[in-house]
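Visitor: Dropping in structure-v5.txt, which is compact mmCIF, C-alpha atoms:
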# COMPACT_ATOMS: atom_id res chain seq x y z
CA MET A 1 0.00 0.00 0.00
CA ASN A 2 1.19 3.43 -0.81
CA ASP A 3 1.43 5.69 2.14
CA ASN A 4 2.11 8.98 0.45
CA ASP A 5 -0.57 11.07 2.05
CA THR A 6 -0.12 14.70 1.11
CA GLU A 7 -1.92 16.32 3.99
CA ARG A 8 -0.48 17.01 7.42
CA GLU A 9 -3.70 16.88 9.38
CA ARG A 10 -7.42 16.64 8.93
CA ALA A 11 -10.09 19.21 9.56
CA GLY A 12 -13.09 18.13 11.60
CA PHE A 13 -16.75 18.69 10.78
CA GLY A 14 -16.72 21.89 12.85
CA VAL A 15 -14.16 23.59 10.63
CA TYR A 16 -16.29 22.90 7.57
CA VAL A 17 -19.47 24.16 9.17
CA LEU A 18 -17.66 27.33 10.29
CA SER A 19 -16.31 27.85 6.75
CA TRP A 20 -19.83 27.47 5.43
CA VAL A 21 -21.19 30.02 7.92
CA ALA A 22 -18.41 32.42 6.91
CA LEU A 23 -19.35 31.93 3.25
CA LEU A 24 -23.02 32.64 4.00
CA ILE A 25 -22.10 35.82 5.87
CA LEU A 26 -19.89 36.94 2.99
CA THR A 27 -22.72 36.24 0.53
CA ALA A 28 -25.10 38.35 2.63
CA THR A 29 -22.44 41.08 2.74
CA THR A 30 -21.91 41.13 -1.01
CA VAL A 31 -25.67 41.27 -1.68
CA THR A 32 -26.08 44.10 0.85
CA VAL A 33 -23.13 46.06 -0.49
CA ALA A 34 -24.46 45.69 -4.03
CA GLY A 35 -27.73 47.27 -2.88
CA MET A 36 -25.92 50.35 -1.55
CA HIS A 37 -25.03 51.70 -5.01
CA LEU A 38 -21.40 52.51 -4.37
CA GLY A 39 -20.78 53.20 -8.04
CA LYS A 40 -17.33 52.23 -9.23
CA LEU A 41 -16.46 50.83 -5.81
CA SER A 42 -19.26 48.24 -6.00
CA VAL A 43 -17.43 46.12 -8.61
CA PHE A 44 -14.26 46.37 -6.60
CA THR A 45 -15.90 45.24 -3.35
CA ALA A 46 -17.82 42.47 -5.14
CA VAL A 47 -14.60 41.04 -6.59
CA ILE A 48 -12.75 41.37 -3.28
CA ILE A 49 -15.51 39.57 -1.38
CA ALA A 50 -15.66 36.88 -4.07
CA ALA A 51 -11.89 36.45 -3.76
CA VAL A 52 -12.20 36.05 0.02
CA LYS A 53 -14.96 33.47 -0.46
CA ALA A 54 -12.86 31.59 -3.02
CA THR A 55 -9.95 31.59 -0.57
CA VAL A 56 -12.13 30.07 2.15
CA VAL A 57 -13.24 27.33 -0.26
CA LEU A 58 -9.66 26.69 -1.42
CA PHE A 59 -8.12 26.62 2.04
CA PHE A 60 -10.73 24.65 3.95
CA PHE A 61 -13.05 22.77 1.60
CA MET A 62 -10.24 21.96 -0.83
CA HIS A 63 -7.79 21.28 2.03
CA LEU A 64 -5.08 23.64 0.80
CA LYS A 65 -4.45 24.72 4.38
CA TYR A 66 -3.46 21.17 5.26
CA GLU A 67 -1.67 20.28 2.05
CA LYS A 68 2.04 20.23 1.49
CA PRO A 69 3.45 23.62 0.42
CA PHE A 70 3.97 22.19 -3.05
CA PHE A 71 0.23 22.28 -3.77
CA ARG A 72 -0.07 25.85 -2.54
CA THR A 73 2.87 26.91 -4.70
CA MET A 74 1.20 25.30 -7.69
CA VAL A 75 -2.06 27.13 -7.07
CA CYS A 76 -0.16 30.41 -6.65
CA ILE A 77 1.61 29.89 -9.98
CA ALA A 78 -1.70 29.17 -11.77
CA LEU A 79 -3.41 32.19 -10.20
CA GLY A 80 -0.33 34.32 -10.88
CA ALA A 81 -0.49 33.36 -14.55
CA LEU A 82 -4.13 34.38 -14.66
CA VAL A 83 -3.37 37.70 -12.98
CA ILE A 84 -0.62 38.36 -15.55
CA PHE A 85 -3.07 37.60 -18.40
CA ILE A 86 -5.66 39.96 -16.93
CA GLY A 87 -3.05 42.63 -16.20
CA LEU A 88 -1.57 42.53 -19.70
CA THR A 89 -5.02 42.63 -21.28
CA PHE A 90 -5.93 45.71 -19.28
CA THR A 91 -2.73 47.56 -20.01
CA ASP A 92 -3.75 47.08 -23.63
CA ILE A 93 -7.38 48.11 -23.15
CA LEU A 94 -6.82 51.14 -20.93
CA TYR A 95 -3.79 52.67 -22.68
CA ARG A 96 -4.61 51.87 -26.25
CA MET B 1 -9.71 6.26 -12.54
CA SER B 2 -7.73 3.17 -11.64
CA ALA B 3 -7.72 4.32 -8.04
CA THR B 4 -11.46 3.61 -7.79
CA ASN B 5 -11.34 -0.14 -7.94
CA GLY B 6 -8.02 -0.48 -6.23
CA LEU B 7 -9.23 -2.72 -3.47
CA ALA B 8 -7.18 -5.70 -4.55
CA VAL B 9 -4.53 -6.58 -2.04
CA GLY B 10 -1.09 -5.37 -2.97
CA HIS B 11 -2.36 -3.14 -5.73
CA GLN B 12 -0.19 -0.05 -5.89
CA ARG B 13 -1.92 3.29 -6.02
CA ASP B 14 -0.39 6.69 -6.14
CA TYR B 15 -2.64 8.89 -4.07
CA ALA B 16 -0.43 11.98 -4.28
CA GLY B 17 -0.11 11.55 -8.04
CA ALA B 18 -3.87 11.24 -8.47
CA LYS B 19 -4.45 14.40 -6.50
CA LEU B 20 -1.71 16.28 -8.32
CA GLY B 21 -3.25 15.27 -11.63
CA MET B 22 -6.63 16.53 -10.49
CA TRP B 23 -5.19 19.90 -9.51
CA VAL B 24 -3.48 20.25 -12.88
CA PHE B 25 -6.82 19.54 -14.53
CA LEU B 26 -8.44 22.17 -12.32
CA PHE B 27 -5.86 24.70 -13.54
CA THR B 28 -6.93 24.05 -17.13
CA GLU B 29 -10.51 24.72 -16.01
CA LEU B 30 -9.34 27.88 -14.31
CA MET B 31 -7.76 29.09 -17.57
CA LEU B 32 -10.90 28.17 -19.53
CA PHE B 33 -13.12 30.27 -17.29
CA GLY B 34 -10.35 32.80 -16.73
CA GLY B 35 -10.32 33.62 -20.42
CA MET B 36 -14.04 34.28 -20.29
CA PHE B 37 -13.69 36.45 -17.22
CA ILE B 38 -11.10 38.51 -19.08
CA LEU B 39 -13.56 38.88 -21.96
CA TYR B 40 -16.22 39.94 -19.48
CA ALA B 41 -13.91 42.45 -17.80
CA VAL B 42 -12.92 44.01 -21.11
CA TYR B 43 -16.47 44.40 -22.43
CA ARG B 44 -17.61 45.61 -19.07
CA THR B 45 -15.00 48.34 -19.18
CA THR B 46 -15.94 49.40 -22.67
CA HIS B 47 -19.76 49.08 -22.24
CA ALA B 48 -20.22 49.81 -18.53
CA ASP B 49 -23.67 51.44 -18.76
CA ASP B 50 -25.19 48.75 -20.98
CA PHE B 51 -23.88 46.07 -18.62
CA HIS B 52 -25.44 47.79 -15.62
CA TYR B 53 -28.75 48.16 -17.39
CA ALA B 54 -28.84 44.58 -18.71
CA ALA B 55 -27.85 43.08 -15.37
CA GLY B 56 -30.96 44.65 -13.86
CA GLU B 57 -33.02 42.15 -15.81
CA LEU B 58 -31.48 39.16 -14.06
CA ASP B 59 -33.30 37.83 -11.04
CA THR B 60 -31.08 38.58 -8.05
CA LEU B 61 -33.23 36.41 -5.80
CA VAL B 62 -32.73 33.30 -7.95
CA GLY B 63 -29.04 34.11 -8.22
CA THR B 64 -28.70 34.45 -4.45
CA MET B 65 -30.64 31.25 -3.88
CA ASN B 66 -28.41 29.35 -6.31
CA THR B 67 -25.37 30.77 -4.52
CA LEU B 68 -26.65 29.46 -1.19
CA ILE B 69 -27.46 26.10 -2.77
CA LEU B 70 -23.96 25.70 -4.23
CA LEU B 71 -22.23 26.86 -1.05
CA THR B 72 -24.25 24.37 0.97
CA SER B 73 -23.47 21.62 -1.54
CA SER B 74 -19.78 22.43 -1.08
CA LEU B 75 -20.25 21.96 2.66
CA THR B 76 -21.97 18.59 2.24
CA MET B 77 -19.25 17.54 -0.21
CA ALA B 78 -16.51 18.42 2.29
CA LEU B 79 -18.44 16.63 5.05
CA SER B 80 -18.81 13.56 2.85
CA ILE B 81 -15.03 13.38 2.42
CA ALA B 82 -14.47 14.06 6.13
CA ALA B 83 -16.89 11.23 6.98
CA MET B 84 -15.07 8.87 4.65
CA ARG B 85 -11.79 9.87 6.26
CA THR B 86 -13.14 8.80 9.60
CA ALA B 87 -14.54 5.60 8.12
CA ARG B 88 -18.21 6.46 8.31
CA LYS B 89 -19.29 5.10 4.99
CA THR B 90 -23.05 5.52 5.38
CA VAL B 91 -22.71 9.11 6.63
CA SER B 92 -20.40 9.79 3.73
CA ILE B 93 -22.87 8.44 1.18
CA VAL B 94 -25.74 10.41 2.76
CA PHE B 95 -23.75 13.66 2.46
CA LEU B 96 -22.78 12.75 -1.09
CA VAL B 97 -26.42 12.14 -2.06
CA LEU B 98 -27.30 15.50 -0.45
CA THR B 99 -24.60 17.15 -2.56
CA ILE B 100 -26.03 15.56 -5.70
CA ALA B 101 -29.57 16.66 -4.75
CA LEU B 102 -28.40 20.25 -4.22
CA GLY B 103 -26.60 20.16 -7.57
CA ILE B 104 -29.82 19.03 -9.25
CA TRP B 105 -31.76 21.76 -7.44
CA PHE B 106 -29.28 24.31 -8.79
CA MET B 107 -29.82 23.05 -12.33
CA VAL B 108 -33.62 23.09 -11.94
CA ASN B 109 -33.45 26.74 -10.82
CA LYS B 110 -31.20 27.51 -13.77
CA TYR B 111 -33.69 25.80 -16.09
CA PHE B 112 -36.56 27.99 -14.89
CA GLU B 113 -34.37 31.09 -14.94
CA TRP B 114 -33.26 30.49 -18.51
CA GLY B 115 -36.79 29.41 -19.46
CA ALA B 116 -38.17 32.75 -18.27
CA LYS B 117 -35.53 34.60 -20.32
CA PHE B 118 -36.38 32.55 -23.41
CA GLU B 119 -40.09 33.31 -22.94
CA HIS B 120 -39.29 37.01 -22.99
CA GLY B 121 -37.51 36.45 -26.28
CA LEU B 122 -34.08 36.73 -24.73
CA TYR B 123 -31.79 34.04 -26.01
CA PRO B 124 -28.56 34.14 -28.00
CA ASN B 125 -29.14 35.70 -31.41
CA SER B 126 -32.86 36.29 -30.81
CA GLU B 127 -34.43 39.14 -32.78
CA LEU B 128 -35.43 40.95 -29.62
CA LEU B 129 -31.92 40.77 -28.22
CA LEU B 130 -30.25 41.90 -31.44
CA GLN B 131 -32.33 45.09 -31.45
CA ARG B 132 -30.75 46.18 -28.19
CA ALA B 133 -27.63 48.18 -27.50
CA LYS B 134 -24.33 46.48 -28.33
CA GLY B 135 -23.26 46.25 -24.70
CA GLU B 136 -26.50 44.51 -23.73
CA ILE B 137 -26.07 41.97 -26.53
CA LEU B 138 -22.55 41.34 -25.25
CA PHE B 139 -23.77 41.06 -21.67
CA PHE B 140 -26.42 38.48 -22.48
CA GLY B 141 -24.04 36.66 -24.79
CA LEU B 142 -21.55 36.35 -21.95
CA TYR B 143 -24.31 35.53 -19.48
CA PHE B 144 -25.60 32.62 -21.53
CA THR B 145 -22.13 31.36 -22.42
CA MET B 146 -20.62 31.56 -18.95
CA THR B 147 -23.57 30.38 -16.87
CA GLY B 148 -24.24 27.78 -19.57
CA LEU B 149 -20.71 26.43 -19.39
CA HIS B 150 -20.88 26.57 -15.62
CA GLY B 151 -24.21 24.72 -15.69
CA LEU B 152 -22.60 22.07 -17.87
CA HIS B 153 -19.91 21.70 -15.23
CA VAL B 154 -22.55 21.31 -12.53
CA PHE B 155 -24.20 18.63 -14.66
CA ILE B 156 -20.90 16.79 -15.17
CA GLY B 157 -20.20 17.12 -11.45
CA VAL B 158 -23.58 15.59 -10.60
CA VAL B 159 -22.89 12.67 -12.96
CA VAL B 160 -19.39 12.11 -11.53
CA LEU B 161 -20.63 12.29 -7.93
CA SER B 162 -23.44 9.87 -8.74
CA VAL B 163 -20.98 7.36 -10.19
CA VAL B 164 -18.80 7.71 -7.08
CA ALA B 165 -21.84 7.27 -4.80
CA ILE B 166 -22.86 4.10 -6.62
CA LYS B 167 -19.29 2.80 -6.46
CA MET B 168 -19.14 3.49 -2.75
CA ALA B 169 -22.52 1.91 -2.10
CA ASN B 170 -21.41 -1.22 -3.95
CA ARG B 171 -18.13 -1.57 -2.14
CA PRO B 172 -16.51 -4.47 -3.85
CA TYR B 173 -15.82 -7.77 -2.19
CA ASP B 174 -12.69 -9.67 -2.93
CA HIS B 175 -13.03 -13.29 -3.83
CA ILE B 176 -9.95 -15.32 -3.14
CA ALA B 177 -10.13 -19.01 -3.84
CA PHE B 178 -7.47 -21.38 -2.59
CA ALA B 179 -7.74 -24.65 -4.43
CA GLY B 180 -5.99 -27.54 -2.70
CA GLU B 181 -3.61 -29.70 -4.70
CA GLY B 182 -5.66 -32.81 -3.87
CA ARG B 183 -8.24 -33.96 -1.36
CA ASP B 184 -5.50 -35.19 0.97
CA ASP B 185 -4.41 -31.62 1.51
CA LEU B 186 -7.78 -30.62 2.85
CA ARG B 187 -8.69 -33.63 4.90
CA GLY B 188 -8.45 -32.83 8.57
CA ALA B 189 -7.39 -29.26 7.86
CA ARG B 190 -9.03 -26.26 9.39
CA LEU B 191 -9.64 -22.91 7.87
CA ALA B 192 -8.42 -20.27 10.29
CA LEU B 193 -8.26 -16.53 10.53
CA LEU B 194 -5.13 -15.22 12.22
CA ASP B 195 -4.19 -11.76 13.34
CA ASP B 196 -0.82 -10.12 12.69
CA SER B 197 0.87 -11.90 15.57
CA GLY B 198 -0.40 -15.27 14.38
CA ARG B 199 -3.03 -15.59 17.11
CA ARG B 200 -6.07 -17.51 15.95
CA LEU B 201 -9.15 -15.31 15.79
CA TRP B 202 -11.45 -17.91 14.31
CA ALA B 203 -11.20 -21.44 12.99
CA SER B 204 -13.56 -23.77 11.18
CA GLU B 205 -14.27 -27.36 12.07
CA PRO B 206 -11.70 -29.80 10.70
CA MET B 207 -12.66 -30.66 7.17
CA ASP B 208 -13.56 -34.17 6.13
CA ASP B 209 -13.42 -36.06 2.83
CA SER B 210 -16.50 -34.34 1.50
CA VAL B 211 -14.71 -30.99 1.24
CA LYS B 212 -13.24 -30.59 -2.23
CA GLU B 213 -12.68 -26.90 -2.37
CA VAL B 214 -12.75 -24.00 0.02
CA SER B 215 -13.48 -20.50 -1.12
CA VAL B 216 -13.01 -17.50 1.10
CA ARG B 217 -14.99 -14.34 0.71
CA VAL B 218 -13.15 -11.35 2.10
CA LYS B 219 -15.07 -8.22 2.93
CA TYR B 220 -13.13 -5.11 3.75
CA LEU B 221 -14.98 -3.49 6.57
CA PRO B 222 -14.96 0.30 6.58
CA VAL B 223 -12.29 0.74 9.18
CA PRO B 224 -9.97 3.72 8.66
CA ARG B 225 -6.91 1.66 7.83
CA ARG B 226 -8.72 0.12 4.93
CA ILE B 227 -10.59 2.94 3.33
CA ARG B 228 -8.74 6.16 3.88
CA ARG B 229 -6.46 7.53 1.16
CA GLU B 230 -6.19 4.84 -1.48
CA ASP B 231 -9.73 3.81 -2.17
CA PHE B 232 -11.36 7.18 -2.02
CA ALA B 233 -8.88 9.30 -3.87
CA VAL B 234 -11.64 9.41 -6.47
CA LEU B 235 -14.10 10.82 -3.92
CA GLU B 236 -11.66 13.53 -2.94
CA ASN B 237 -10.86 14.39 -6.55
CA ALA B 238 -14.55 14.57 -7.41
CA GLY B 239 -14.87 16.84 -4.39
CA LEU B 240 -12.07 19.10 -5.64
CA TYR B 241 -13.89 19.42 -8.96
CA TRP B 242 -17.14 20.23 -7.22
CA HIS B 243 -15.50 22.93 -5.10
CA LEU B 244 -13.94 24.49 -8.20
CA VAL B 245 -17.37 24.68 -9.81
CA ASP B 246 -18.51 26.42 -6.63
CA ILE B 247 -15.61 28.90 -6.80
CA ILE B 248 -16.48 29.78 -10.40
CA TRP B 249 -20.05 30.50 -9.37
CA ILE B 250 -18.77 32.64 -6.48
CA PHE B 251 -17.34 34.98 -9.14
CA LEU B 252 -20.15 34.62 -11.68
CA PHE B 253 -22.82 35.57 -9.16
CA PRO B 254 -21.73 39.12 -8.24
CA LEU B 255 -20.47 39.92 -11.73
CA PHE B 256 -23.75 39.07 -13.43
CA TYR B 257 -26.44 39.52 -10.81
CA LEU B 258 -25.17 42.26 -8.54
CA ILE B 259 -23.93 44.99 -10.85
CA THR B 260 -27.27 46.69 -11.45
Produce structure tokens that represent the structure in this file.
Guide:
Amino acid sequence: MNDNDTERERAGFGVYVLSWVALLILTATTVTVAGMHLGKLSVFTAVIIAAVKATVVLFFFMHLKYEKPFFRTMVCIALGALVIFIGLTFTDILYR
Amino acid sequence: MSATNGLAVGHQRDYAGAKLGMWVFLFTELMLFGGMFILYAVYRTTHADDFHYAAGELDTLVGTMNTLILLTSSLTMALSIAAMRTARKTVSIVFLVLTIALGIWFMVNKYFEWGAKFEHGLYPNSELLLQRAKGEILFFGLYFTMTGLHGLHVFIGVVVLSVVAIKMANRPYDHIAFAGEGRDDLRGARLALLDDSGRRLWASEPMDDSVKEVSVRVKYLPVPRRIRREDFAVLENAGLYWHLVDIIWIFLFPLFYLIT
């Protein structure tokens, strides 16, 4: 039997339920903030809250918090690539 | 998928490799949706007012409900894996079935949401849509493409999770038959079950001449040593996929429903 587990420890049910509660609160926040008509800021806050929610899912539901650093590095590289794509596209769009 | 039926004794499985492969696949998904998000961001910048106006026609309530449904399904998915980790097979299957049910509920909501749009003559390339401002056409084009592709992912996720649930419910038994060389080998022998230290846990009656063949049916009980890691790498990987689908929706929801 292979014994190459990649995770250091396991989260219990409580951690998942707490993550879920946090996600619900963040959802309520983003819906409320959207109703406040903040103009240009509203997109910004919506994306920031979405990013926080995604981080909660990645770290707890997808176990990244408990994984070996290798997995986290990989995710950072993938997200970094995406950020570069978006950044380059916008330097083109905004300064054309 | 070889990890799924890897219950045979001595079968080598690479759990870390399976998980690594799944993450690499998720990155390709990220780039697929990422490209679309870039497209969205660009058109949103160039047609901001049209986007705001068009987004007002989406039902925020349905969008919020679907968000809650997917978030909850992510919770039940994580709990299903946690239950399997602690060798609670039935609990795990119950949470998995809940996840599947929530996924189906999401798709049903999507069906009615899209259906309502179609009834109002709003669908890709419809005459009514093409009469609108360019930004609104782009918005609805992106809306149908991105939520459609996301919906397809939910559908695939439901199918994958269902297959895993069925596999788990039908945990395989191993059949190992030891055929004796001749009847002399079996006569007077006992069939015994020994623990690691060689202590006899159970033994049959001594066999007589009538016994020609003994077959042993081995059932792997869901104790942690047996089921964690190796056998349910597929459950975890399916879970990773499901969570990614959730993450994509986390971004789709505010960008389409909340920018009015």
Visitor: Excluding region 45-48 of chain A and any residue of its chain fewer than 3 positions from it, enumerate the residues within 9 Å of it, using only C-alpha atoms, and give them as a list in words.
Guide: Thr30, Val31, Val33, Ala34, Leu41, Ser42, Ala51, Val52 and Lys53 of chain A; Phe251, Pro254, Leu255, Leu258 and Ile259 of chain B
Visitor: Find the residues around Trp242 (chain B) up to 9 Å (only C-alpha atoms counted), leave out those fewer than 5 positions away in its own chain, and share them as a list of chain:residue names.
Guide: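 Once the nearby chain positions are removed, what remains is B:Ser73, B:Ser74, B:Met77, B:His153, B:Val154, B:Gly157, B:Val158, B:Leu161, B:Asn237, B:Ile247.
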Visitor: Chain A near chain B within 9 Å: what's each residue's closest atom pair and its distance in Å to one decimal, counting only C-alpha atoms, ordered by chain then ascending residue number, as CSV?
Guide:
residue,atom,partner,partner_atom,distance
A:Met1,CA,B:Gln12,CA,5.9
A:Asn2,CA,B:Arg13,CA,6.1
A:Asp3,CA,B:Tyr15,CA,8.1
A:Asn4,CA,B:Ala16,CA,6.2
A:Asp5,CA,B:Ala16,CA,6.4
A:Thr6,CA,B:Ala16,CA,6.0
A:Arg10,CA,B:Ala82,CA,8.0
A:Ala11,CA,B:Ala82,CA,7.6
A:Gly12,CA,B:Ala82,CA,7.0
A:Phe13,CA,B:Leu79,CA,6.3
A:Tyr16,CA,B:Leu75,CA,6.4
A:Val17,CA,B:Leu75,CA,6.9
A:Ser19,CA,B:Leu75,CA,8.2
A:Trp20,CA,B:Leu75,CA,6.2
A:Leu23,CA,B:Leu71,CA,7.2
A:Leu24,CA,B:Leu68,CA,7.1
A:Thr27,CA,B:Thr67,CA,7.9
A:Ala28,CA,B:Thr64,CA,8.8
A:Thr30,CA,B:Pro254,CA,7.5
A:Val31,CA,B:Leu258,CA,6.9
A:Ala34,CA,B:Leu258,CA,5.7
A:Gly35,CA,B:Leu258,CA,8.0
A:His37,CA,B:Thr260,CA,8.5
A:Ser42,CA,B:Ile259,CA,7.5
A:Val43,CA,B:Ile259,CA,7.0
A:Ala46,CA,B:Pro254,CA,6.0
A:Val47,CA,B:Phe251,CA,7.1
A:Ala50,CA,B:Phe251,CA,5.7
A:Ala51,CA,B:Phe251,CA,7.8
A:Lys53,CA,B:Ile250,CA,7.2
A:Ala54,CA,B:Ile247,CA,5.4
A:Thr55,CA,B:Ile247,CA,8.8
A:Val57,CA,B:His243,CA,6.9
A:Leu58,CA,B:His243,CA,7.9
A:Phe60,CA,B:Ala78,CA,8.7
A:Phe61,CA,B:Ala78,CA,5.6
A:Met62,CA,B:Leu240,CA,5.9
A:Phe71,CA,B:Leu20,CA,7.8
A:Met74,CA,B:Trp23,CA,8.6
A:Val75,CA,B:Phe27,CA,7.9
A:Ala78,CA,B:Phe27,CA,6.4
A:Leu79,CA,B:Leu30,CA,8.4
A:Ala81,CA,B:Met31,CA,9.0
A:Leu82,CA,B:Gly34,CA,6.7
A:Phe85,CA,B:Ile38,CA,8.1
A:Ile86,CA,B:Ile38,CA,6.0
A:Thr89,CA,B:Ile38,CA,7.7
A:Phe90,CA,B:Val42,CA,7.4
A:Ile93,CA,B:Val42,CA,7.2
A:Leu94,CA,B:Thr45,CA,8.8
Visitor: Show me, as a list in words, the residues that have an atom within 7 Å of Asn66 (chain B) when counting all atoms listed in the file, minus same-chain residues fewer than 4 positions from it.
Guide: Val62, Leu70 and Phe106 of chain B
Visitor: One decimal, Å: what's the distance from CA of Phe51 (chain B) over to CA of Ser126 (chain B), could you say?
Guide: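 Separation between CA of Phe51 (chain B) and CA of Ser126 (chain B): 18.0 Å.
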Visitor: What does the distance between CA of Val56 (chain A) and CA of His52 (chain B) come to in Å, to one decimal place?
Guide: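 CA of Val56 (chain A) sits 28.4 Å away from CA of His52 (chain B).
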